[in-house]
Structure formats: C-alpha cells, structure tokens
$ cat entry07.txt   # compact mmCIF, C-alpha atoms (C1' of nucleotides)
# COMPACT_ATOMS: atom_id res chain seq x y z
CA MET A 1 -11.10 41.85 81.93
CA SER A 2 -11.66 38.99 79.53
CA ASP A 3 -10.69 37.10 82.64
CA ALA A 4 -14.31 36.75 83.58
CA HIS A 5 -15.04 35.03 80.33
CA ARG A 6 -12.13 32.67 80.70
CA LEU A 7 -13.38 31.71 84.13
CA LEU A 8 -16.81 31.24 82.73
CA GLU A 9 -15.48 29.08 79.96
CA ARG A 10 -13.71 26.86 82.45
CA ILE A 11 -16.73 26.53 84.70
CA SER A 12 -18.92 25.84 81.75
CA ALA A 13 -16.51 23.23 80.42
CA LEU A 14 -16.20 21.45 83.75
CA PHE A 15 -19.94 21.26 84.15
CA ARG A 16 -20.46 20.22 80.60
CA ALA A 17 -17.90 17.46 80.85
CA GLN A 18 -19.94 16.01 83.66
CA LEU A 19 -23.17 16.40 81.72
CA ARG A 20 -21.54 14.63 78.81
CA ARG A 21 -20.54 11.76 81.04
CA VAL A 22 -24.06 11.38 82.40
CA SER A 23 -25.59 11.60 78.95
CA THR A 24 -23.44 8.83 77.54
CA GLU A 25 -24.21 6.73 80.62
CA HIS A 26 -27.88 6.94 79.72
CA GLY A 27 -27.25 6.43 76.03
CA LEU A 28 -28.21 10.01 75.19
CA LYS A 29 -26.52 12.73 73.22
CA LEU A 30 -25.41 15.80 75.12
CA VAL A 31 -28.01 17.97 73.41
CA GLN A 32 -30.75 15.56 74.27
CA LEU A 33 -29.87 15.72 77.94
CA GLU A 34 -29.69 19.50 77.85
CA ALA A 35 -33.10 19.64 76.26
CA LEU A 36 -34.45 17.33 78.93
CA VAL A 37 -33.02 19.45 81.73
CA TYR A 38 -34.45 22.61 80.21
CA LEU A 39 -37.91 21.21 79.62
CA ASP A 40 -38.01 19.85 83.13
CA SER A 41 -37.84 23.38 84.48
CA ALA A 42 -39.66 25.38 81.80
CA ASN A 43 -43.06 26.91 82.50
CA ARG A 44 -46.05 26.65 80.19
CA TYR A 45 -44.95 29.59 78.05
CA SER A 46 -41.57 28.04 77.50
CA ASP A 47 -41.96 24.31 76.99
CA THR A 48 -42.20 24.57 73.21
CA PRO A 49 -39.73 23.62 70.46
CA LEU A 50 -39.14 27.24 69.52
CA ALA A 51 -38.33 28.29 73.08
CA LEU A 52 -35.89 25.43 73.37
CA ALA A 53 -34.28 26.45 70.11
CA GLU A 54 -33.74 29.95 71.47
CA TYR A 55 -32.43 28.65 74.76
CA LEU A 56 -29.84 26.41 73.14
CA ALA A 57 -29.19 28.77 70.23
CA LEU A 58 -30.08 26.09 67.71
CA THR A 59 -32.39 26.21 64.72
CA LYS A 60 -35.93 25.01 65.10
CA GLY A 61 -35.28 22.29 62.55
CA THR A 62 -32.49 20.82 64.61
CA VAL A 63 -34.52 21.01 67.78
CA SER A 64 -37.44 19.35 66.08
CA GLN A 65 -35.30 16.32 65.38
CA THR A 66 -33.89 16.20 68.87
CA LEU A 67 -37.38 16.27 70.34
CA LYS A 68 -38.53 13.58 67.98
CA ALA A 69 -35.74 11.37 69.22
CA LEU A 70 -36.60 12.10 72.85
CA GLU A 71 -40.27 11.38 72.24
CA SER A 72 -39.62 8.06 70.57
CA SER A 73 -37.42 7.15 73.53
CA GLY A 74 -40.35 7.84 75.82
CA LEU A 75 -38.60 10.62 77.73
CA ILE A 76 -40.99 13.40 76.74
CA THR A 77 -44.52 13.77 75.42
CA LYS A 78 -45.86 16.39 73.05
CA THR A 79 -49.37 17.79 73.31
CA PRO A 80 -50.78 20.60 71.15
CA ASP A 81 -51.88 23.83 72.81
CA GLU A 82 -55.59 24.33 73.32
CA GLN A 83 -55.72 27.97 72.19
CA ASP A 84 -53.16 27.87 69.38
CA ARG A 85 -53.16 24.54 67.65
CA ARG A 86 -49.76 25.22 66.09
CA VAL A 87 -47.73 25.13 69.27
CA GLN A 88 -46.67 21.94 70.98
CA HIS A 89 -46.12 21.66 74.72
CA CYS A 90 -43.36 19.25 75.66
CA ALA A 91 -43.58 17.52 79.02
CA VAL A 92 -40.90 15.36 80.59
CA THR A 93 -42.09 11.87 81.51
CA ALA A 94 -41.29 10.17 84.80
CA GLU A 95 -38.52 8.25 83.12
CA GLY A 96 -37.10 11.45 81.70
CA ALA A 97 -37.30 13.20 85.06
CA ALA A 98 -35.27 10.41 86.62
CA ILE A 99 -32.45 11.04 84.18
CA VAL A 100 -32.58 14.77 84.87
CA ALA A 101 -32.36 14.12 88.59
CA ASP A 102 -29.35 11.93 88.01
CA ALA A 103 -27.69 14.55 85.85
CA LEU A 104 -28.20 17.28 88.41
CA ARG A 105 -27.20 15.41 91.51
CA ILE A 106 -24.25 17.37 92.82
CA PRO A 107 -21.36 15.13 93.88
CA ALA A 108 -20.26 17.48 96.64
CA ASP A 109 -22.44 20.25 97.85
CA ASP A 110 -20.70 19.39 101.07
CA GLY A 111 -17.59 21.52 101.13
CA ALA A 112 -19.23 24.38 99.29
CA PRO A 113 -21.31 26.59 101.53
CA GLY A 114 -21.16 29.81 99.54
CA LEU A 115 -21.46 28.09 96.20
CA GLU A 116 -25.13 28.69 95.70
CA SER A 117 -25.08 32.39 96.44
CA ALA A 118 -22.00 32.82 94.30
CA LEU A 119 -23.77 31.08 91.45
CA ARG A 120 -26.79 33.26 91.89
CA SER A 121 -24.78 36.43 91.58
CA VAL A 122 -22.99 35.09 88.53
CA LEU A 123 -26.29 34.29 86.89
CA ARG A 124 -27.66 37.71 87.67
CA SER A 125 -24.73 39.47 86.06
CA LEU A 126 -24.90 37.20 83.08
CA GLN A 127 -28.55 37.87 82.53
CA HIS A 128 -27.87 41.57 82.48
CA SER A 129 -24.88 41.33 80.21
CA ALA A 130 -26.23 38.92 77.64
CA ASP A 131 -27.70 40.54 74.59
CA ALA A 132 -29.88 37.51 74.08
CA ARG A 133 -32.85 36.15 75.95
CA THR A 134 -32.31 35.81 79.67
CA PHE A 135 -34.57 32.84 80.44
CA GLY A 136 -35.00 33.69 84.09
CA VAL A 137 -37.70 32.62 86.50
CA CYS A 138 -40.86 34.66 87.02
CA ASN A 139 -39.85 35.73 90.51
CA SER A 140 -37.04 37.85 89.10
CA CYS A 141 -39.02 39.19 86.17
CA LEU A 142 -40.06 42.72 85.42
CA HIS A 143 -43.50 41.52 84.41
CA HIS A 144 -44.08 39.68 87.62
CA GLN A 145 -46.85 41.36 89.61
CA ILE A 146 -48.50 40.64 92.89
CA GLU A 147 -52.01 41.94 93.47
CA GLY A 148 -53.81 41.16 96.66
CA GLY A 149 -51.70 38.13 97.34
CA ARG A 150 -52.20 36.71 93.84
CA ALA A 151 -49.32 36.50 91.39
CA ARG A 152 -49.88 37.60 87.83
CA CYS A 153 -47.79 37.94 84.70
CA GLY A 154 -48.04 41.54 83.53
CA LEU A 155 -47.20 40.54 80.00
CA THR A 156 -49.87 37.94 79.41
CA GLY A 157 -52.18 39.11 82.17
CA GLU A 158 -52.66 35.55 83.31
CA PRO A 159 -52.50 34.41 86.92
CA LEU A 160 -49.46 32.33 87.84
CA ARG A 161 -49.54 29.20 89.89
CA LYS A 162 -46.81 28.75 92.45
CA ALA A 163 -45.23 25.99 90.35
CA ASP A 164 -44.92 28.31 87.37
CA ARG A 165 -43.27 31.13 89.23
CA VAL A 166 -40.09 29.25 89.96
CA LYS A 167 -39.78 27.87 86.45
CA ILE A 168 -37.87 29.25 83.51
CA CYS A 169 -39.77 31.62 81.25
CA ARG A 170 -38.74 32.62 77.76
CA GLU A 171 -40.44 36.00 78.14
CA HIS A 172 -38.31 36.81 81.16
CA GLU A 173 -37.20 40.43 81.38
CA PRO A 174 -34.68 41.11 84.13
CA VAL A 175 -35.44 43.83 86.62
CA PRO A 176 -32.91 46.62 86.01
CA LEU A 177 -29.99 46.66 88.42
CA ARG A 178 -29.84 49.60 90.78
CA THR A 179 -26.39 51.13 90.59
CA MET B 180 -29.80 21.31 97.11
CA SER B 181 -29.80 20.33 93.49
CA ASP B 182 -30.43 24.05 93.20
CA ALA B 183 -26.75 24.67 92.73
CA HIS B 184 -26.70 22.37 89.78
CA ARG B 185 -29.72 23.99 88.21
CA LEU B 186 -28.06 27.36 88.53
CA LEU B 187 -24.93 25.95 87.05
CA GLU B 188 -26.87 24.46 84.19
CA ARG B 189 -28.45 27.81 83.41
CA ILE B 190 -25.17 29.68 83.57
CA SER B 191 -23.53 27.09 81.43
CA ALA B 192 -26.35 27.19 78.92
CA LEU B 193 -26.34 30.97 78.67
CA PHE B 194 -22.62 31.05 78.07
CA ARG B 195 -22.75 28.20 75.65
CA ALA B 196 -25.52 29.80 73.66
CA GLN B 197 -23.23 32.77 73.14
CA LEU B 198 -20.32 30.52 72.19
CA ARG B 199 -22.55 28.78 69.72
CA ARG B 200 -23.51 32.10 68.15
CA VAL B 201 -19.88 33.12 67.78
CA SER B 202 -18.88 29.76 66.38
CA THR B 203 -21.49 29.84 63.65
CA GLU B 204 -20.50 33.41 62.86
CA HIS B 205 -17.01 32.16 62.11
CA GLY B 206 -18.22 29.08 60.30
CA LEU B 207 -17.05 26.75 63.03
CA LYS B 208 -18.71 24.00 64.98
CA LEU B 209 -19.20 24.59 68.69
CA VAL B 210 -16.69 21.89 69.59
CA GLN B 211 -14.10 23.40 67.31
CA LEU B 212 -14.40 26.75 69.05
CA GLU B 213 -14.22 25.13 72.46
CA ALA B 214 -11.09 23.31 71.44
CA LEU B 215 -9.60 26.55 70.19
CA VAL B 216 -10.36 28.36 73.43
CA TYR B 217 -8.86 25.55 75.47
CA LEU B 218 -5.69 25.26 73.43
CA ASP B 219 -5.21 29.00 73.59
CA SER B 220 -4.82 28.78 77.34
CA ALA B 221 -3.21 25.38 77.82
CA ASN B 222 0.39 25.07 78.96
CA ARG B 223 2.95 22.82 77.35
CA TYR B 224 1.87 19.77 79.35
CA SER B 225 -1.68 20.22 78.24
CA ASP B 226 -1.76 21.24 74.60
CA THR B 227 -2.07 17.68 73.31
CA PRO B 228 -4.99 15.82 71.75
CA LEU B 229 -5.35 13.54 74.74
CA ALA B 230 -5.51 16.40 77.22
CA LEU B 231 -8.17 18.07 75.13
CA ALA B 232 -10.13 14.84 75.01
CA GLU B 233 -10.10 14.69 78.79
CA TYR B 234 -11.04 18.33 79.12
CA LEU B 235 -14.05 18.02 76.85
CA ALA B 236 -14.89 14.47 77.94
CA LEU B 237 -14.66 13.20 74.39
CA THR B 238 -12.84 10.20 72.96
CA LYS B 239 -9.42 10.70 71.50
CA GLY B 240 -10.68 9.59 68.12
CA THR B 241 -13.27 12.31 68.02
CA VAL B 242 -10.79 14.92 69.13
CA SER B 243 -8.32 13.79 66.52
CA GLN B 244 -10.84 14.57 63.82
CA THR B 245 -11.75 17.94 65.28
CA LEU B 246 -8.09 18.92 65.40
CA LYS B 247 -7.58 17.76 61.86
CA ALA B 248 -10.37 20.06 60.77
CA LEU B 249 -8.90 22.98 62.72
CA GLU B 250 -5.48 22.37 61.28
CA SER B 251 -6.70 22.28 57.72
CA SER B 252 -8.53 25.55 58.39
CA GLY B 253 -5.23 27.07 59.45
CA LEU B 254 -6.38 27.82 62.99
CA ILE B 255 -3.89 25.55 64.77
CA THR B 256 -0.58 23.88 64.04
CA LYS B 257 0.67 20.53 65.28
CA THR B 258 4.31 19.85 66.10
CA PRO B 259 5.68 16.63 67.58
CA ASP B 260 7.33 16.73 71.00
CA GLU B 261 11.12 16.64 71.10
CA GLN B 262 11.45 14.14 73.95
CA ASP B 263 8.54 11.87 73.19
CA ARG B 264 7.94 11.57 69.49
CA ARG B 265 4.42 10.21 70.06
CA VAL B 266 2.89 13.36 71.48
CA GLN B 267 1.75 16.29 69.38
CA HIS B 268 1.71 19.86 70.65
CA CYS B 269 -1.09 21.96 69.26
CA ALA B 270 -0.57 25.70 68.97
CA VAL B 271 -3.20 28.27 68.06
CA THR B 272 -2.26 30.41 65.07
CA ALA B 273 -2.74 34.18 64.96
CA GLU B 274 -5.90 33.71 62.99
CA GLY B 275 -7.18 31.24 65.55
CA ALA B 276 -6.31 33.54 68.43
CA ALA B 277 -8.35 36.30 66.85
CA ILE B 278 -11.42 34.10 66.90
CA VAL B 279 -10.80 33.16 70.52
CA ALA B 280 -10.54 36.82 71.45
CA ASP B 281 -13.81 37.48 69.71
CA ALA B 282 -15.49 34.59 71.48
CA LEU B 283 -14.32 35.73 74.90
CA ARG B 284 -15.05 39.41 74.65
CA ILE B 285 -17.57 40.04 77.37
CA PRO B 286 -20.43 42.26 76.22
CA ALA B 287 -20.84 43.91 79.60
CA ASP B 288 -18.27 43.55 82.30
CA ASP B 289 -19.49 47.00 83.12
CA GLY B 290 -22.36 46.50 85.48
CA ALA B 291 -20.77 43.49 87.13
CA PRO B 292 -18.19 44.43 89.71
CA GLY B 293 -18.27 41.28 91.83
CA LEU B 294 -18.65 38.97 88.89
CA GLU B 295 -15.05 37.92 88.66
CA SER B 296 -14.61 37.04 92.31
CA ALA B 297 -17.92 35.23 92.30
CA LEU B 298 -16.79 33.21 89.31
CA ARG B 299 -13.54 32.42 91.00
CA SER B 300 -15.25 31.01 94.05
CA VAL B 301 -17.59 28.98 91.90
CA LEU B 302 -14.67 27.52 90.02
CA ARG B 303 -12.87 26.68 93.22
CA SER B 304 -15.82 24.74 94.62
CA LEU B 305 -16.32 22.99 91.35
CA GLN B 306 -12.75 21.86 91.17
CA HIS B 307 -13.05 20.36 94.60
CA SER B 308 -16.35 18.67 93.94
CA ALA B 309 -15.64 17.22 90.51
CA ASP B 310 -14.47 13.66 90.56
CA ALA B 311 -12.71 14.25 87.28
CA ARG B 312 -9.65 16.25 86.34
CA THR B 313 -9.67 19.82 87.57
CA PHE B 314 -7.66 21.53 84.84
CA GLY B 315 -6.60 24.47 86.97
CA VAL B 316 -3.69 26.84 86.56
CA CYS B 317 -0.31 26.19 88.15
CA ASN B 318 -0.70 28.99 90.66
CA SER B 319 -3.46 27.11 92.44
CA CYS B 320 -1.79 23.72 92.19
CA LEU B 321 -0.53 21.48 94.92
CA HIS B 322 2.59 20.76 92.92
CA HIS B 323 3.46 24.38 92.44
CA GLN B 324 6.64 25.24 94.34
CA ILE B 325 8.66 28.38 94.74
CA GLU B 326 12.34 28.04 95.62
CA GLY B 327 14.48 31.09 95.90
CA GLY B 328 12.18 33.15 93.75
CA ARG B 329 12.04 30.51 91.01
CA ALA B 330 8.83 28.64 90.26
CA ARG B 331 8.97 24.92 89.76
CA CYS B 332 6.50 22.11 89.14
CA GLY B 333 6.95 19.56 91.91
CA LEU B 334 5.50 16.83 89.71
CA THR B 335 7.77 17.12 86.72
CA GLY B 336 10.56 18.93 88.53
CA GLU B 337 10.84 21.39 85.70
CA PRO B 338 11.08 25.16 86.11
CA LEU B 339 8.02 27.12 85.05
CA ARG B 340 8.08 30.26 83.02
CA LYS B 341 5.72 33.02 84.02
CA ALA B 342 3.58 32.39 80.95
CA ASP B 343 3.09 28.77 81.91
CA ARG B 344 2.02 29.43 85.45
CA VAL B 345 -1.20 31.16 84.50
CA LYS B 346 -2.15 28.57 81.93
CA ILE B 347 -4.31 25.51 82.30
CA CYS B 348 -2.52 22.32 83.26
CA ARG B 349 -3.94 18.85 82.95
CA GLU B 350 -1.87 17.64 85.90
CA HIS B 351 -3.46 20.23 88.14
CA GLU B 352 -4.14 19.04 91.70
CA PRO B 353 -6.18 21.48 93.78
CA VAL B 354 -4.76 22.52 97.13
CA PRO B 355 -7.05 21.02 99.80
CA LEU B 356 -9.55 23.45 101.28
CA ARG B 357 -9.05 24.31 104.92
CA THR B 358 -12.33 23.79 106.76
C1' DC C 359 -61.58 34.97 51.14
C1' DC C 360 -56.76 35.49 49.97
C1' DA C 361 -52.28 36.97 51.56
C1' DT C 362 -49.25 36.95 55.18
C1' DT C 363 -47.11 35.44 59.18
C1' DA C 364 -45.81 32.05 62.55
C1' DA C 365 -44.87 27.24 64.69
C1' DG C 366 -43.19 22.86 63.44
C1' DT C 367 -41.66 19.22 60.35
C1' DT C 368 -38.97 17.26 56.61
C1' DT C 369 -35.01 16.71 53.63
C1' DC C 370 -30.24 16.95 52.47
C1' DG C 371 -25.31 17.33 52.76
C1' DA C 372 -21.48 18.22 55.90
C1' DG C 373 -19.67 17.26 60.03
C1' DT C 374 -19.60 15.14 65.01
C1' DC C 375 -19.82 11.31 67.89
C1' DG C 376 -18.14 6.74 70.10
C1' DA C 377 -16.30 2.16 69.32
C1' DA C 378 -12.94 -0.49 67.64
C1' DA C 379 -9.11 -1.49 64.88
C1' DC C 380 -4.81 0.19 63.83
C1' DC C 381 -0.01 2.48 63.79
C1' DA C 382 3.71 4.31 65.89
C1' DT C 383 6.92 5.12 69.77
C1' DG C 384 8.52 4.41 74.43
C1' DA C 385 9.20 1.44 78.63
C1' DA C 386 10.02 -2.72 81.21
C1' DG C 387 11.56 -7.50 81.71
C1' DA C 388 13.71 -11.80 80.54
C1' DT D 389 18.89 -7.24 72.84
C1' DC D 390 14.60 -9.06 71.86
C1' DT D 391 10.30 -9.47 73.15
C1' DT D 392 5.98 -7.76 75.34
C1' DC D 393 3.23 -4.37 76.94
C1' DA D 394 1.56 0.32 77.45
C1' DT D 395 0.61 4.78 75.48
C1' DG D 396 -0.39 8.79 72.25
C1' DG D 397 -2.68 9.40 67.88
C1' DT D 398 -4.96 8.25 63.61
C1' DT D 399 -8.35 5.89 60.76
C1' DT D 400 -12.73 3.78 59.63
C1' DC D 401 -17.54 3.04 60.16
C1' DG D 402 -22.33 3.70 61.25
C1' DA D 403 -25.55 6.55 63.86
C1' DC D 404 -26.63 10.96 64.89
C1' DT D 405 -26.40 16.34 64.92
C1' DC D 406 -26.22 20.49 62.65
C1' DG D 407 -27.96 24.48 59.63
C1' DA D 408 -30.33 25.82 55.46
C1' DA D 409 -34.15 25.70 52.92
C1' DA D 410 -38.44 23.93 51.33
C1' DC D 411 -42.73 22.59 53.08
C1' DT D 412 -47.23 21.97 56.06
C1' DT D 413 -50.60 23.67 58.88
C1' DA D 414 -52.80 27.06 61.59
C1' DA D 415 -53.66 31.83 63.12
C1' DT D 416 -54.23 36.80 61.62
C1' DG D 417 -55.63 40.65 59.02
C1' DG D 418 -57.12 43.28 55.45

$ encode --input "entry07.txt" --output "structure tokens"
Amino acid sequence: MSDAHRLLERISALFRAQLRRVSTEHGLKLVQLEALVYLDSANRYSDTPLALAEYLALTKGTVSQTLKALESSGLITKTPDEQDRRVQHCAVTAEGAAIVADALRIPADDGAPGLESALRSVLRSLQHSADARTFGVCNSCLHHQIEGGRARCGLTGEPLRKADRVKICREHEPVPLRT
Amino acid sequence: MSDAHRLLERISALFRAQLRRVSTEHGLKLVQLEALVYLDSANRYSDTPLALAEYLALTKGTVSQTLKALESSGLITKTPDEQDRRVQHCAVTAEGAAIVADALRIPADDGAPGLESALRSVLRSLQHSADARTFGVCNSCLHHQIEGGRARCGLTGEPLRKADRVKICREHEPVPLRT
DNA sequence: CCATTAAGTTTCGAGTCGAAACCATGAAGA
DNA sequence: TCTTCATGGTTTCGACTCGAAACTTAATGG
C-alpha cells in the first residue's frame, strides 16, 4: 500500500535526475529550472512569486532570490500587476522558453503509447489525494464554467482566453471524483 | 508530445512538494530525505555513495557530505565492504526508517484503485526511455535468473535472497519491451 | 487616518552544490 | 614484485540555496 508511494518516488527521482542533468548543462540550479518550467505554463493568476513558492513548497524569501537570479540571467521578466501594485507577474523570455523546451523534450515517446494516459490518471489521483494545492489546469477545475460558448472562471468571474484554460492555476479545485 | 513530460513534471513537483514538507518537519534537507528513502530500498550492490550519486545525478563529493550529515544525525550507518575495502555500505537505522515510513505514507490511497498499476506502467516506460541508469528491482531485470527454484543474478553470479530481489539495484537492465 | 493584512524583498547563518585535489585500495602489466 | 593505472570516497573551496525573521510597500477596513 505504501507501494504506490515508492513507485512515485522512483518515477520522481528518475525524472528529476534528468532535469538535474539539463539544468547543469545550461548552467542553472535545479530549482531555477523548475521555476522556469512552472512559470512557462502558469496562467495569469499563478505567475507570481507567491504561487511559485506554494507550488515548490518553498518560502517566499527563497523564491524571491531564485527569481532575482533568473531575471538577471535574462530568462524571465517581472512586471507589476495593473490592479494590485504589490503583485509581480513573471513571464518567461524567449531564451528561457528555449531552455524549458530542451528540458521537456522526451527522449523516447516512441515505445510508450499508453504513457500519456497513464500519467494523466496518476496525476488525477494525486490531485485528489494531496492535502495541498492541486495546481491543475482550468479545464479540470470546479470553477470552470461555460456560458453560451464562452469560458469563465466562477471564482474570479473573469472570462478565460483559450490560452489560459490549458495553463496551471493556483486556485484550481479538482472536480470531485464520482465513485 | 512534450505533453507527457509536462505531466511528468507536474506529478514530480506535487510529490516533491510533499517530500519537502516532510523533510522540513523532521529538520532535514530535501536531499537528505531523498537519500534516506533510496538507501532504505537499495540492495547490497546499490547502498554505496557512488550508487546514490548516480541515482540522484549528483557528484560523489556532494553525496559524501550529505551522507556524513546523515550519519552524524544517527539516521544511517556506514560499514566497509568485506571483499573490497574501498566501498562503504550505508544502512538506514531504525530512527531513519521511521522517517522514511512517514515520508511515504500516502494520504489517500483510498479513492485511487488504478493508481498503482498506472504508476507501474509509467515507471516501465520511463525506464526504457531514460538514457541513464534505470535503477529497477531485480525481478524486472534482464540478469535475473531462476534455476531450480533458486534466484540468481546473472551479472554477478551470486544467489539472491528474497529481500534483495524486490530492492533497487544499480546494475538493473530492463528486459526489452516486445513490440 | 491609523491599524491591519498581504505580497515581495533583504539579511543572515547553515547547509548544498560542483570542481578539483587528494587519499586509499584494488587490478593489470612489465 | 614493483610500478602504473583505475576506482571508491573524502576533503576543500567558492558560489549558491534554504528558512527564519525583519523590513518595505501597497491594499483594506474600520
């Protein structure tokens, strides 16, 4: 029964070992690469230092330093929010995106047909089991609403562009599983 | 197509966030906990500093320090190998094992019936796609042989106890997938 | 307004990280 | 056997990460 967690640990470790290799190739720290990958697929509610801190389970102080390093390397840019001047939106630059693409290129999605669906079901279970934030995409969110062909977030009330709906959101609330 | 890697990244991040929480609870660094988890399920060919370095994709120098810290905290013990006096076997103490158990307790393997098999198939694909070491268990290894009811490692020629066969081995070579 | 809360930054000390030098022990050849 | 080389680990060093806590600035709410 703790078998699932052992498996998870092994999968996680394998993947992370690869991430670590890529990060050192590009002269980055592992955390910096992870931050880059996250920001590259975070929607506008979730591209802030605090959201990243929650995602990585780090303190905001630590994240602040990591982002400072990434910014001075020209891999991200920070722009303050229009409504709330306290929050900073972090965007990945073209150079940063190139590194992300390199990190996520899968060496063999050849011999693995069922891999993606297997991964999806793993992720779904995990999101329901984790006590912490789920960080899912809008499409799988309880707050996601469609009215007359237009997508809307029921939490903020704002309309969602197509690009935002497939990105990670920190406010994500998983739809309850039917049993 | 890089979708699989994004999924993997998310799964990995979710799991790691939990590991990080547990590690800080116990006053450990993330890497220290990861090392502990690995050593707890590594067979006698694989419980050495070098094997751990390969598993985590870290340098042996770095790992040496991490292990020193763990040893002085009383979470592992190091004993030199009988045959080759250069290698050190690292064993997790009872206190260390307790932390591992805590880290791996899954908060809800309730609502997830297919989780384990899904994880297993993910791991299998990963092991075949990774260019690096696979770190599988003997049971799934090319070198694993059974002769007259007795298990043997075809690489070292040595007999395998039951306990060793379900542990992680650094010499693991995945059985080729039939297509 | 003033107090409170919230998002980020800064500072500091402990620890991680990789690179490189180093120390053993084992193996292979002359 | 005496070298020489390879291998498993440790040590040292400088750069960076980490969490905790103090701090800055901006929003919120009597």

$ atom_distance --input "entry07.txt" --atom1 "atom CA of B:Val279" --atom2 "atom CA of A:Ala17"
20.1 Å

$ residues_around --input "entry07.txt" --residues "C:DG366" --least-positions-apart "5" --cutoff "9 Å" --atoms "only C-alpha atoms (C1' of nucleotides)" --output "ChimeraX atom specification"
/A:49-50,60-61,64,86-88 /D:412-413

$ write_last_selection --input "entry07.txt" --atoms "C-alpha atoms (C1' of nucleotides)" --output "mmCIF file, keeping the file's coordinate frame"
data_model
loop_
_atom_site.group_PDB
_atom_site.id
_atom_site.type_symbol
_atom_site.label_atom_id
_atom_site.label_comp_id
_atom_site.auth_asym_id
_atom_site.auth_seq_id
_atom_site.Cartn_x
_atom_site.Cartn_y
_atom_site.Cartn_z
ATOM 1 C CA PRO A 49 -39.730 23.620 70.460
ATOM 2 C CA LEU A 50 -39.140 27.240 69.520
ATOM 3 C CA LYS A 60 -35.930 25.010 65.100
ATOM 4 C CA GLY A 61 -35.280 22.290 62.550
ATOM 5 C CA SER A 64 -37.440 19.350 66.080
ATOM 6 C CA ARG A 86 -49.760 25.220 66.090
ATOM 7 C CA VAL A 87 -47.730 25.130 69.270
ATOM 8 C CA GLN A 88 -46.670 21.940 70.980
ATOM 9 C "C1'" DT D 412 -47.230 21.970 56.060
ATOM 10 C "C1'" DT D 413 -50.600 23.670 58.880
#

$ closest_residue --input "entry07.txt" --among "B:Phe194, B:Val242, B:Thr203, B:Glu188" --to "C:DG376" --atoms "only C-alpha atoms (C1' of nucleotides)"
B:Val242

$ closest_residue --input "entry07.txt" --among "B:Leu186, B:Leu209, B:Leu198, B:Ala221" --to "chain D" --atoms "only C-alpha atoms (C1' of nucleotides)"
B:Leu209

$ closest_residue --input "entry07.txt" --among "A:Thr59, A:Thr93, A:Ser73, A:Gln65" --to "C:DT367" --atoms "all atoms listed in the file"
A:Gln65

$ residues_around --input "entry07.txt" --residues "C:DA361" --least-positions-apart "3" --cutoff "12 Å" --atoms "only C-alpha atoms (C1' of nucleotides)" --output "ChimeraX atom specification"
/D:416-418
